[in-house]
Each structure stands twice: as structure tokens, then as C-alpha cells.
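Since the structure comes first, as C-alpha cells, the remarks are kept for the end.
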Amino acid sequence: GEPLAKYVARARQLYNDRLKCGHAMTTTELAWAILEGLPESYETIRTVLEARDGDLDLEMVTGKLLTHETSKGLQLEQGEENAKAFVVR
């Protein structure tokens with residue numbers, strides 16, 4: 001599977017590519033997109049982060065996800081991240 005850091009780096013690259021093409025997107029929308037693209041093994045942490053009050057902070061979200069991955073020894077399931085489109089809520 002793909003390590004979370006690599007998945008987040010790909011999402012950030014897509015975000016930067018969108019900005020270069022003139023498509024407006026906020027880092028909050030990027031944080032939502034990252035959460036939406038996670039496999040089911042991240043369901044609990046995704047639910048916790050989505051339930052927070054206020055806008056999602058990209059750095060906080062990625063930090064929490066990386067901590068979760070490290071503590072659980074999780075990696076994105078191979079192929080699952082490729083099956084989901086990069087979507088923005």
C-alpha cells in the first residue's frame with residue numbers, strides 16, 4: 001500500500017496544479033478531499049476529524065492522520081486510493 005505521507009503529497013500536488021490552472025480551492029477544501037479519499041481503515045479518525053467544530057485546518061488534519069498511521073501501523077490499501085477521484089466537498 002501507499003504510505004499516508006505519499007498520498008498527502010500527491011493530494012497537495014493536485015491542489016497546486018489546480019491553483020496553477022486558475023481553479024480556486026482552499027486548503028480547507030484540500031483537507032476535506034484528503035479525508036474523503038481515505039480507505040475504510042481510517043473511518044474512525046476521519047469521523048473524529050469531520051465532527052470537529054469550525055473549518056478543518058490542513059496541517060492539523062495531516063498531522064493527526066500521520067500520527068494515527070504511525071500508532072496503528074496502517075498504510076493505504078493498495079489500489080483503493082486510485083479508485084477514488086480527487087473530489088472536493
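Every chain in the C-alpha cells takes a letter, A first, then B, and so on in the order presented; its residues are numbered from 1, and the ligands are numbered from 1 following the presented order.
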Problem set entry | Test item, helix (DSSP H, G or I) assignment across chain A, answer as a ChimeraX atom specification | /A:4-20,27-36,40-50,58-72,80-83
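For Leu14 of chain A, the set of protein, DNA and RNA residues having any atom at most 12 Å away, when counting only C-alpha atoms and skipping those fewer than 3 positions along the same chain, is Tyr7, Val8, Ala9, Arg10, Ala11, Asp17, Arg18, Leu19, Lys20, Cys21, His23, Met25, Thr27, Leu30, Ala33, Ile34, Ala85, Phe86, Val87 and Val88 of chain A.
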For this session: Tell me, as JSON, numbers by chain, which residues lie within 12 Å of Glu69 of chain A, counting only C-alpha atoms; anything in the same chain fewer than 5 positions away does not count.
Result: {"A": [2, 3, 4, 5, 38, 41, 42, 44, 45, 46, 62, 63, 64, 74, 75, 76]}
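Between atom CA of Gly73 of chain A and atom CA of Glu50 of chain A lies a distance of 21.9 Å.
The gap separating atom CA of Thr26 of chain A from atom CA of Ser71 of chain A is 28.9 Å, in Å to one decimal.
The space between atom CA of Glu29 of chain A and atom CA of Arg12 of chain A spans 11.2 Å.
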